[in-house]
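One structure below.
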There are 2 protein chains.
Amino acid sequence: MTAEQQTATVRRFNRAYTQRIGALEDSFLGMGLPLPAIRLMFEIGSRPGTVRDLRARLGLDSGYLSRLLRRLESDGLVTVAPDPADRRRRVATLTGRGRERWNELEARSEERARTLIDPLTPRQRTRLTAALAEADLLVRAATVTLAETDPAEPEARAAVQRYFDEMHRRFGFDSSGEDIKDAAMLCPPDGAFIVAVSDGEPVACGGLQTIAPGIGEIKRMWVDETWRGAGLGSRVLRDLEKRAAALGHHTLRLDTNETLAEAIAMYERAGYQRVARYNDNPFATDFFERPLF
Amino acid sequence: MTAEQQTATVRRFNRAYTQRIGALEDSFLGMGLPLPAIRLMFEIGSRPGTVRDLRARLGLDSGYLSRLLRRLESDGLVTVAPDPADRRRRVATLTGRGRERWNELEARSEERARTLIDPLTPRQRTRLTAALAEADLLVRAATVTLAETDPAEPEARAAVQRYFDEMHRRFGFDSSGEDIKDAAMLCPPDGAFIVAVSDGEPVACGGLQTIAPGIGEIKRMWVDETWRGAGLGSRVLRDLEKRAAALGHHTLRLDTNETLAEAIAMYERAGYQRVARYNDNPFATDFFERPLF
DNA sequence: TCATTTCTCTGACCATAGTCAGAGATTATC
DNA sequence: GATAATCTCTGACTATGGTCAGAGAAATGA
């Protein structure tokens with residue numbers, strides 16, 4: 001499929017889908033609440049938070065959000081109370097009546113999804129949901145932002161912690177002291193650390209350090225389990241390779257553990273070839289290398 | 001997958017997709033035209049038409065559309081001239097400048113689709129477009145409306161004509177005189193005719209007639225080529241079976257031609273079994289029957 | 001030929017969905 | 001302990017995206 005056919009497919013889907021979903025959105029009308037208030041109700045209901053928090057999650061203007069909250073408050077659907085931890089902040093939560101209303105909204109939304117599924121035969125339903133799940137993963141992956149982050153930043157530390165947890169679970173990796181090394185090595189001028197973030201959550205990461213003149217090493221490659229198969233690992237790897245090339249490296253190395261089969265397959269697809277052990281890392285069993293052009 | 005998991009998948013996709021596509025929609029802002037005017041430009045540019053026509057296609061209020069047209073006219077982007085065939089109607093077309101602007105909009109839209117595809121690896125791009133194409137077909141199929149239509153109505157005749165054309169192409173079917181029979185048989189009280197319409201176009205049809213007391217016959221089953229594999233045929237068939245049951249029939253029959261392999265597979269999936277020839281239709285080679293409970 | 005219908009248009013009106021500046025309370029920083 | 005920064009709020013203002021009733025021109029039907 002050519003690039004034009006690919007964009008044509010995306011555009012065709014967009015037109016059909018937004019038109020049809022837009023029509024279904026009207027089902028929320030006539031519930032006595034304007035649409036942004038409904039979105040806000042959904043947000044507070046599924047995860048209460050401070051005003052600041054809600055503003056960030058929904059991308060709303062502070063004045064506007066405040067007004068929406070007053071509206072919901074006067075309808076007796078939410079209460080807004082000062083946050084004990086920082087009394088400048090205020091936390092919004094649903095009242096009992098608000099929870100009832102939230103359940104109604106959930107039911108309405110469920111019904112709305114069903115109008116898309118119900119007319120189909122069981123076989124088509126399976127195909128549709130499989131296609132949407134696949135598209136969902138890939139669309140999320142495509143809109144992830146890769147950003148260079150200092151390993152000391154909370155975002156980066158959260159990602160690395162999840163990496164450590166998984167390595168520990170899978171082959172008993174002991175991470176004591178590792179994060180201090182990271183902070184020193186995986187940052188400029190001789191290294192880099194990349195975090196992929198989606199909806200405010202870290203979903204993948206990867207680091208680059210220099211182990212000898214002209215030779216870089218890939219470290220801390222991690223992709224959240226629910227995000228695998230969307231090419232995120234490859235993207236982080238490509239990003240790090242570009243940075244390595246910019247640092248003047250001619251070779252990239254990495255070590256890994258034999259239990260990490262998906263990662264090894266990814267490295268091989270990306271052009272990495274097996275080499276002999278090049279360090280004394282007791283947790284590493286497999287070693288790879290790739291020349292940079 | 002349970003029904004709840006299916007709706008959850010749809011809702012999850014909806015949230016992620018509308019959020020991300022909504023953000024991309026803003027790319028049309030700052031072009032000096034409000035969004036509905038842009039939609040109107042797209043519509044006129046891809047297929048000029050009368051005001052009435054545009055109103056139906058875009059689902060806009062007549063006063064509102066009129067105002068949008070004045071806006072585009074005063075910007076020198078479209079001209080609106082009386083329709084020679086009926087001078088109450090007025091036809092909107094793009095001016096030279098309008099066509100330039102349309103090209104810009106197209107480019108912008110193309111770019112927007114690319115922001116979704118570009119970050120992905122080639123493998124993921126192929127997967128995403130395949131998933132979207134599949135979802136597109138099924139979403140369109142799910143939102144098709146099946147309506148009983150008099151075979152004499154232009155919509156029904158258009159559908160039957162496409163059926164005839166395809167039968168002629170595939171096994172030399174001669175349709176002379178057939179439409180007159182249809183008009184008499186495929187309508188109440190002893191028959192029915194169903195047309196499936198999407199975006200104003202007939203995309204599938206099917207008819208039911210009574211050939212003996214308690215015995216109905218399925219006729220004119222047709223699904224547009226680009227719509228096959230979305231379960232539309234099965235839906236039309238189920239609809240006709242319900243109507244046959246309502247008429248008190250205990251058996252449904254149908255004849256078909258051996259070259260129509262997809263149709264035959266569909267009949268078999270729907271529980272129809274081969275029987276001996278029951279009529280002298282020279283174009284029929286295969287005969288099926290199914291009891292109705 | 002006259003009444004009715006169809007079609008587009010204009011004027012008047014309205015709800016929704018915001019933006020922006022700055023006040024007032026609280027906390028962090030020097 | 002003073003100053004700066006952060007957080008939420010209110011008031012004033014605006015753009016967007018419409019709806020609705022009815023006028024006027026053209027076509028249709030009896």
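We label chains A, B, ... in the order they appear in the structure tokens, count residues from 1 in each chain, and number ligands from 1 in the order shown.
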Interface list for chain B, partner chain D, 12 Å threshold, only C-alpha atoms (C1' of nucleotides), as number ranges by chain:
B: 33-37, 60-65, 67-68, 82-90
Prev. selection, N, CA and C atoms, output as a tab-separated table (two decimals), in the first residue's frame:
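File out-v6.tsv, as written:
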```
chain	number	residue	atom	x	y	z
B	33	LEU	N	-11.44	30.64	8.16
B	33	LEU	CA	-12.80	30.13	7.96
B	33	LEU	C	-13.22	29.31	9.18
B	34	PRO	N	-14.45	29.48	9.64
B	34	PRO	CA	-14.93	28.62	10.72
B	34	PRO	C	-15.10	27.19	10.23
B	35	LEU	N	-15.13	26.25	11.15
B	35	LEU	CA	-15.16	24.84	10.79
B	35	LEU	C	-16.31	24.39	9.89
B	36	PRO	N	-17.56	24.82	10.18
B	36	PRO	CA	-18.63	24.38	9.29
B	36	PRO	C	-18.44	24.89	7.87
B	37	ALA	N	-17.88	26.10	7.73
B	37	ALA	CA	-17.62	26.64	6.39
B	37	ALA	C	-16.59	25.77	5.69
B	60	LEU	N	-27.58	20.24	7.62
B	60	LEU	CA	-27.61	21.58	8.19
B	60	LEU	C	-28.99	22.22	8.06
B	61	ASP	N	-29.25	23.19	8.91
B	61	ASP	CA	-30.46	24.00	8.84
B	61	ASP	C	-30.38	24.86	7.59
B	62	SER	N	-31.55	25.10	6.98
B	62	SER	CA	-31.55	25.80	5.71
B	62	SER	C	-31.05	27.23	5.86
B	63	GLY	N	-31.49	27.92	6.91
B	63	GLY	CA	-31.04	29.29	7.13
B	63	GLY	C	-29.54	29.34	7.38
B	64	TYR	N	-29.08	28.40	8.15
B	64	TYR	CA	-27.66	28.35	8.51
B	64	TYR	C	-26.79	28.13	7.29
B	65	LEU	N	-27.22	27.15	6.46
B	65	LEU	CA	-26.46	26.85	5.25
B	65	LEU	C	-26.40	28.07	4.36
B	67	ARG	N	-26.54	31.14	5.16
B	67	ARG	CA	-25.60	32.12	5.70
B	67	ARG	C	-24.14	31.71	5.43
B	68	LEU	N	-23.88	30.41	5.56
B	68	LEU	CA	-22.52	29.93	5.29
B	68	LEU	C	-22.16	30.18	3.82
B	82	PRO	N	-28.67	30.08	-10.12
B	82	PRO	CA	-29.91	29.30	-10.26
B	82	PRO	C	-29.67	28.05	-11.11
B	83	ASP	N	-30.35	26.97	-10.74
B	83	ASP	CA	-30.30	25.73	-11.50
B	83	ASP	C	-31.21	25.89	-12.72
B	84	PRO	N	-30.67	25.76	-13.95
B	84	PRO	CA	-31.51	25.98	-15.14
B	84	PRO	C	-32.72	25.04	-15.17
B	85	ALA	N	-32.57	23.85	-14.63
B	85	ALA	CA	-33.65	22.86	-14.68
B	85	ALA	C	-34.82	23.26	-13.78
B	86	ASP	N	-34.54	23.93	-12.69
B	86	ASP	CA	-35.61	24.33	-11.76
B	86	ASP	C	-35.10	25.59	-11.07
B	87	ARG	N	-35.60	26.74	-11.50
B	87	ARG	CA	-34.97	27.97	-11.06
B	87	ARG	C	-35.30	28.38	-9.63
B	88	ARG	N	-36.02	27.52	-8.88
B	88	ARG	CA	-36.12	27.76	-7.45
B	88	ARG	C	-34.83	27.32	-6.80
B	89	ARG	N	-34.24	26.29	-7.37
B	89	ARG	CA	-33.00	25.73	-6.81
B	89	ARG	C	-31.81	26.57	-7.22
B	90	ARG	N	-30.76	26.53	-6.37
B	90	ARG	CA	-29.53	27.22	-6.73
B	90	ARG	C	-28.36	26.26	-6.54
```
Counting only C-alpha atoms (C1' of nucleotides), collect the residues of chain C whose closest atom lies at most 10 Å from chain A, and write them out as a tab-separated table (two decimals) with N, CA and C atoms (P, O5', C5', C4', C3', O3' and C1' of nucleotides), in the first residue's frame.
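Output (part_13.tsv):
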```tsv
chain	number	residue	atom	x	y	z
C	15	DA	P	-31.21	30.78	25.57
C	15	DA	O5'	-30.23	29.55	25.41
C	15	DA	C5'	-30.62	28.46	24.58
C	15	DA	C4'	-29.40	27.62	24.27
C	15	DA	C3'	-28.54	27.32	25.49
C	15	DA	O3'	-28.20	25.94	25.44
C	15	DA	C1'	-27.23	28.44	23.83
C	16	DT	P	-27.26	25.30	26.56
C	16	DT	O5'	-25.84	25.28	25.83
C	16	DT	C5'	-25.77	24.81	24.51
C	16	DT	C4'	-24.37	25.00	23.98
C	16	DT	C3'	-23.27	24.56	24.94
C	16	DT	O3'	-22.46	23.66	24.22
C	16	DT	C1'	-22.82	26.71	24.09
C	17	DA	P	-21.29	22.88	25.00
C	17	DA	O5'	-20.06	23.86	24.79
C	17	DA	C5'	-19.61	24.12	23.47
C	17	DA	C4'	-18.49	25.11	23.54
C	17	DA	C3'	-17.49	24.80	24.67
C	17	DA	O3'	-16.17	25.00	24.17
C	17	DA	C1'	-18.22	27.00	24.83
C	18	DG	P	-14.97	24.32	24.97
C	18	DG	O5'	-14.85	25.21	26.29
C	18	DG	C5'	-13.82	26.13	26.49
C	18	DG	C4'	-13.98	27.36	25.62
C	18	DG	C3'	-12.98	28.43	25.94
C	18	DG	O3'	-11.81	28.22	25.19
C	18	DG	C1'	-15.17	29.36	25.65
C	19	DT	P	-10.42	28.57	25.84
C	19	DT	O5'	-10.37	30.17	25.79
C	19	DT	C5'	-10.56	30.84	24.56
C	19	DT	C4'	-10.37	32.33	24.81
C	19	DT	C3'	-9.09	32.65	25.59
C	19	DT	O3'	-8.46	33.74	24.93
C	19	DT	C1'	-10.99	33.55	26.71
C	20	DC	P	-6.94	34.12	25.36
C	20	DC	O5'	-7.15	35.27	26.46
C	20	DC	C5'	-8.06	36.33	26.19
C	20	DC	C4'	-8.13	37.26	27.38
C	20	DC	C3'	-6.84	37.30	28.22
C	20	DC	O3'	-6.46	38.66	28.36
C	20	DC	C1'	-8.76	36.94	29.58
C	25	DA	P	-8.91	36.98	51.13
C	25	DA	O5'	-8.26	35.53	51.09
C	25	DA	C5'	-9.07	34.41	50.75
C	25	DA	C4'	-8.18	33.21	50.57
C	25	DA	C3'	-7.28	32.90	51.76
C	25	DA	O3'	-7.45	31.54	52.13
C	25	DA	C1'	-6.01	33.00	49.76
C	26	DT	P	-6.72	30.95	53.42
C	26	DT	O5'	-5.40	30.31	52.82
C	26	DT	C5'	-5.51	29.29	51.85
C	26	DT	C4'	-4.14	29.00	51.28
C	26	DT	C3'	-3.07	28.62	52.31
C	26	DT	O3'	-2.78	27.25	52.11
C	26	DT	C1'	-2.22	30.05	50.61
C	27	DT	P	-1.75	26.50	53.06
C	27	DT	O5'	-0.39	26.63	52.25
C	27	DT	C5'	-0.29	26.04	50.96
C	27	DT	C4'	1.01	26.45	50.30
C	27	DT	C3'	2.26	26.05	51.05
C	27	DT	O3'	3.00	25.17	50.22
C	27	DT	C1'	2.39	28.29	50.26
```
Restrict the distance test to only C-alpha atoms, flag each residue of chain A within 8 Å of chain B, and return the flagged residues as JSON, numbers by chain.
{"A": [1, 6, 7, 8, 9, 10, 11, 12, 13, 16, 17, 18, 20, 109, 110, 113, 114, 116, 117, 118, 119, 120, 121, 124, 125, 126, 127, 128, 129, 131, 132, 133, 134, 135, 136, 138, 139, 140, 141, 142, 143, 230, 231, 234, 235]}
Any chance you can output those residues with C-alpha atoms as a PDB file, in the first residue's frame?
```pdb
ATOM      1  CA  MET A   1       0.000   0.000   0.000  1.00  0.00           C
ATOM      2  CA  GLN A   6      -2.603   4.874   3.664  1.00  0.00           C
ATOM      3  CA  THR A   7      -3.615   8.474   4.304  1.00  0.00           C
ATOM      4  CA  ALA A   8      -6.701   7.969   2.143  1.00  0.00           C
ATOM      5  CA  THR A   9      -7.700   5.053   4.376  1.00  0.00           C
ATOM      6  CA  VAL A  10      -7.210   7.141   7.500  1.00  0.00           C
ATOM      7  CA  ARG A  11      -9.205  10.040   6.052  1.00  0.00           C
ATOM      8  CA  ARG A  12     -11.998   7.823   4.854  1.00  0.00           C
ATOM      9  CA  PHE A  13     -12.285   6.221   8.278  1.00  0.00           C
ATOM     10  CA  ALA A  16     -17.274   7.996   8.404  1.00  0.00           C
ATOM     11  CA  TYR A  17     -16.473   7.557  12.069  1.00  0.00           C
ATOM     12  CA  THR A  18     -16.646  11.122  13.312  1.00  0.00           C
ATOM     13  CA  ARG A  20     -21.483   8.622  12.983  1.00  0.00           C
ATOM     14  CA  SER A 109     -22.438   5.670  27.042  1.00  0.00           C
ATOM     15  CA  GLU A 110     -22.678   1.882  27.174  1.00  0.00           C
ATOM     16  CA  ALA A 113     -21.416   1.787  22.132  1.00  0.00           C
ATOM     17  CA  ARG A 114     -24.013  -0.932  21.735  1.00  0.00           C
ATOM     18  CA  LEU A 116     -22.561   0.404  16.956  1.00  0.00           C
ATOM     19  CA  ILE A 117     -22.268  -3.279  17.769  1.00  0.00           C
ATOM     20  CA  ASP A 118     -25.813  -4.561  17.991  1.00  0.00           C
ATOM     21  CA  PRO A 119     -26.763  -4.435  14.320  1.00  0.00           C
ATOM     22  CA  LEU A 120     -23.811  -6.657  13.421  1.00  0.00           C
ATOM     23  CA  THR A 121     -23.779 -10.416  13.266  1.00  0.00           C
ATOM     24  CA  GLN A 124     -18.756  -9.119  12.420  1.00  0.00           C
ATOM     25  CA  ARG A 125     -18.816  -7.988  16.046  1.00  0.00           C
ATOM     26  CA  THR A 126     -15.712  -9.985  16.756  1.00  0.00           C
ATOM     27  CA  ARG A 127     -14.037  -8.560  13.686  1.00  0.00           C
ATOM     28  CA  LEU A 128     -15.012  -4.981  14.563  1.00  0.00           C
ATOM     29  CA  THR A 129     -13.813  -5.129  18.133  1.00  0.00           C
ATOM     30  CA  ALA A 131      -9.994  -4.085  14.476  1.00  0.00           C
ATOM     31  CA  LEU A 132     -10.782  -1.295  16.955  1.00  0.00           C
ATOM     32  CA  ALA A 133      -8.522  -2.796  19.619  1.00  0.00           C
ATOM     33  CA  GLU A 134      -5.702  -3.012  17.101  1.00  0.00           C
ATOM     34  CA  ALA A 135      -6.321   0.525  15.843  1.00  0.00           C
ATOM     35  CA  ASP A 136      -6.526   1.775  19.422  1.00  0.00           C
ATOM     36  CA  LEU A 138      -1.505   1.774  17.187  1.00  0.00           C
ATOM     37  CA  VAL A 139      -3.177   5.177  17.360  1.00  0.00           C
ATOM     38  CA  ARG A 140      -2.064   5.561  20.940  1.00  0.00           C
ATOM     39  CA  ALA A 141       1.428   4.465  19.960  1.00  0.00           C
ATOM     40  CA  ALA A 142       1.508   6.927  17.069  1.00  0.00           C
ATOM     41  CA  THR A 143       0.575   9.829  19.335  1.00  0.00           C
ATOM     42  CA  ALA A 230       3.006  -1.256  18.587  1.00  0.00           C
ATOM     43  CA  GLY A 231       6.534  -0.525  17.490  1.00  0.00           C
ATOM     44  CA  SER A 234      11.761   0.247  17.752  1.00  0.00           C
ATOM     45  CA  ARG A 235      10.990   3.951  17.884  1.00  0.00           C
TER      46      ARG A 235
END
```
Can you pull out every residue within 8 Å of Ser66 of chain B, counting only C-alpha atoms (C1' of nucleotides), but drop anything in the same chain fewer than 6 positions away, and send it as a ChimeraX atom specification?
/B:51 /C:8-9
Determine which residues of segment 47-168 of chain B DSSP labels as alpha helix (DSSP H) from the backbone of this structure, then write them out as a ChimeraX atom specification.
/B:51-58,62-74,96-117,122-142,154-168
Could you pull out the strand (DSSP E or B) residues of segment 57-280 of chain B from DSSP and send them as a short mmCIF file (atom, residue, chain, number, x, y, z; two decimals) with N, CA and C atoms, in the first residue's frame?
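The new file result.cif reads:
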```cif
data_model
loop_
_atom_site.label_atom_id
_atom_site.label_comp_id
_atom_site.auth_asym_id
_atom_site.auth_seq_id
_atom_site.Cartn_x
_atom_site.Cartn_y
_atom_site.Cartn_z
N VAL B 78 -16.93 30.68 -3.51
CA VAL B 78 -17.94 29.92 -4.26
C VAL B 78 -18.87 30.90 -4.99
N THR B 79 -19.51 30.39 -6.03
CA THR B 79 -20.59 31.13 -6.68
C THR B 79 -21.85 30.29 -6.56
N VAL B 80 -22.98 30.97 -6.36
CA VAL B 80 -24.25 30.28 -6.25
C VAL B 80 -25.14 30.82 -7.36
N ALA B 81 -25.55 29.94 -8.29
CA ALA B 81 -26.34 30.38 -9.45
C ALA B 81 -27.59 29.52 -9.57
N PRO B 82 -28.67 30.08 -10.12
CA PRO B 82 -29.91 29.30 -10.26
C PRO B 82 -29.67 28.05 -11.11
N ASP B 83 -30.35 26.97 -10.74
CA ASP B 83 -30.30 25.73 -11.50
C ASP B 83 -31.21 25.89 -12.72
N ASP B 86 -34.54 23.93 -12.69
CA ASP B 86 -35.61 24.33 -11.76
C ASP B 86 -35.10 25.59 -11.07
N ARG B 87 -35.60 26.74 -11.50
CA ARG B 87 -34.97 27.97 -11.06
C ARG B 87 -35.30 28.38 -9.63
N ARG B 88 -36.02 27.52 -8.88
CA ARG B 88 -36.12 27.76 -7.45
C ARG B 88 -34.83 27.32 -6.80
N ARG B 89 -34.24 26.29 -7.37
CA ARG B 89 -33.00 25.73 -6.81
C ARG B 89 -31.81 26.57 -7.22
N ARG B 90 -30.76 26.53 -6.37
CA ARG B 90 -29.53 27.22 -6.73
C ARG B 90 -28.36 26.26 -6.54
N VAL B 91 -27.43 26.34 -7.45
CA VAL B 91 -26.31 25.41 -7.45
C VAL B 91 -25.05 26.13 -6.99
N ALA B 92 -24.34 25.53 -6.07
CA ALA B 92 -23.10 26.11 -5.57
C ALA B 92 -21.90 25.43 -6.20
N THR B 93 -20.96 26.22 -6.70
CA THR B 93 -19.71 25.67 -7.24
C THR B 93 -18.55 26.52 -6.76
N LEU B 94 -17.36 25.92 -6.75
CA LEU B 94 -16.18 26.66 -6.33
C LEU B 94 -15.73 27.61 -7.44
N THR B 145 -29.06 1.76 7.31
CA THR B 145 -30.46 1.60 7.70
C THR B 145 -31.16 0.68 6.71
N LEU B 146 -31.82 -0.35 7.24
CA LEU B 146 -32.62 -1.25 6.40
C LEU B 146 -34.04 -0.73 6.40
N ALA B 147 -34.58 -0.43 5.22
CA ALA B 147 -35.94 0.09 5.18
C ALA B 147 -36.76 -0.62 4.13
N GLU B 148 -38.00 -0.99 4.49
CA GLU B 148 -38.89 -1.57 3.50
C GLU B 148 -39.26 -0.46 2.52
N ALA B 192 -42.40 -8.32 0.13
CA ALA B 192 -41.72 -7.17 0.72
C ALA B 192 -40.44 -6.92 -0.04
N PHE B 193 -39.95 -5.68 0.05
CA PHE B 193 -38.68 -5.37 -0.58
C PHE B 193 -37.91 -4.46 0.37
N ILE B 194 -36.64 -4.85 0.63
CA ILE B 194 -35.82 -4.14 1.60
C ILE B 194 -34.64 -3.49 0.89
N VAL B 195 -34.41 -2.23 1.17
CA VAL B 195 -33.21 -1.57 0.64
C VAL B 195 -32.36 -1.09 1.81
N ALA B 196 -31.05 -1.38 1.74
CA ALA B 196 -30.11 -0.89 2.75
C ALA B 196 -29.42 0.34 2.17
N VAL B 197 -29.52 1.44 2.90
CA VAL B 197 -29.01 2.71 2.39
C VAL B 197 -27.91 3.23 3.32
N SER B 198 -26.82 3.72 2.72
CA SER B 198 -25.76 4.36 3.51
C SER B 198 -25.34 5.63 2.80
N GLU B 201 -26.91 6.33 -0.53
CA GLU B 201 -26.73 5.41 -1.65
C GLU B 201 -27.25 4.03 -1.29
N PRO B 202 -27.98 3.35 -2.21
CA PRO B 202 -28.36 1.97 -1.92
C PRO B 202 -27.13 1.08 -1.96
N VAL B 203 -26.94 0.24 -0.93
CA VAL B 203 -25.76 -0.61 -0.89
C VAL B 203 -26.10 -2.09 -0.82
N ALA B 204 -27.35 -2.40 -0.60
CA ALA B 204 -27.78 -3.80 -0.61
C ALA B 204 -29.29 -3.82 -0.73
N CYS B 205 -29.82 -4.96 -1.19
CA CYS B 205 -31.27 -5.09 -1.23
C CYS B 205 -31.67 -6.56 -1.19
N GLY B 206 -32.95 -6.80 -1.08
CA GLY B 206 -33.46 -8.16 -1.09
C GLY B 206 -34.99 -8.12 -1.09
N GLY B 207 -35.61 -9.13 -1.74
CA GLY B 207 -37.06 -9.14 -1.83
C GLY B 207 -37.64 -10.46 -1.37
N LEU B 208 -38.90 -10.42 -1.01
CA LEU B 208 -39.62 -11.62 -0.59
C LEU B 208 -40.93 -11.68 -1.35
N GLN B 209 -41.24 -12.85 -1.90
CA GLN B 209 -42.55 -13.00 -2.52
C GLN B 209 -43.15 -14.33 -2.10
N THR B 210 -44.47 -14.49 -2.31
CA THR B 210 -45.15 -15.72 -1.93
C THR B 210 -45.36 -16.54 -3.20
N ILE B 211 -44.86 -17.79 -3.18
CA ILE B 211 -45.02 -18.60 -4.40
C ILE B 211 -46.06 -19.70 -4.23
N ALA B 212 -46.44 -19.99 -3.01
CA ALA B 212 -47.50 -20.97 -2.75
C ALA B 212 -47.95 -20.74 -1.31
N ILE B 215 -45.39 -20.83 1.58
CA ILE B 215 -44.04 -20.89 1.01
C ILE B 215 -43.65 -19.55 0.40
N GLY B 216 -42.56 -18.99 0.91
CA GLY B 216 -42.06 -17.73 0.37
C GLY B 216 -40.81 -17.97 -0.44
N GLU B 217 -40.44 -16.97 -1.23
CA GLU B 217 -39.22 -17.08 -2.00
C GLU B 217 -38.41 -15.78 -1.87
N ILE B 218 -37.11 -15.95 -1.68
CA ILE B 218 -36.20 -14.81 -1.58
C ILE B 218 -35.75 -14.44 -3.00
N LYS B 219 -35.83 -13.16 -3.32
CA LYS B 219 -35.43 -12.70 -4.66
C LYS B 219 -34.54 -11.48 -4.54
N ARG B 220 -33.78 -11.20 -5.60
CA ARG B 220 -33.03 -9.94 -5.74
C ARG B 220 -32.07 -9.65 -4.60
N MET B 221 -31.48 -10.72 -4.03
CA MET B 221 -30.49 -10.48 -2.99
C MET B 221 -29.24 -9.91 -3.64
N TRP B 222 -28.85 -8.72 -3.18
CA TRP B 222 -27.67 -8.07 -3.76
C TRP B 222 -26.95 -7.23 -2.72
N VAL B 223 -25.62 -7.30 -2.73
CA VAL B 223 -24.80 -6.45 -1.87
C VAL B 223 -23.72 -5.80 -2.74
N THR B 251 -41.89 -22.10 5.15
CA THR B 251 -40.72 -22.46 4.36
C THR B 251 -40.28 -21.29 3.47
N LEU B 252 -38.97 -21.14 3.34
CA LEU B 252 -38.45 -20.14 2.40
C LEU B 252 -37.58 -20.85 1.37
N ARG B 253 -37.74 -20.45 0.11
CA ARG B 253 -36.92 -21.03 -0.94
C ARG B 253 -36.15 -19.92 -1.64
N LEU B 254 -35.15 -20.33 -2.37
CA LEU B 254 -34.47 -19.36 -3.25
C LEU B 254 -33.72 -20.12 -4.32
N ASP B 255 -33.58 -19.46 -5.47
CA ASP B 255 -32.75 -20.05 -6.52
C ASP B 255 -31.59 -19.10 -6.78
N THR B 256 -30.50 -19.64 -7.29
CA THR B 256 -29.34 -18.80 -7.56
C THR B 256 -28.51 -19.46 -8.65
N GLN B 273 -30.51 -25.20 2.84
CA GLN B 273 -29.99 -26.47 2.36
C GLN B 273 -30.38 -26.67 0.90
N ARG B 274 -29.50 -27.31 0.18
CA ARG B 274 -29.76 -27.56 -1.24
C ARG B 274 -31.00 -28.44 -1.41
#
```
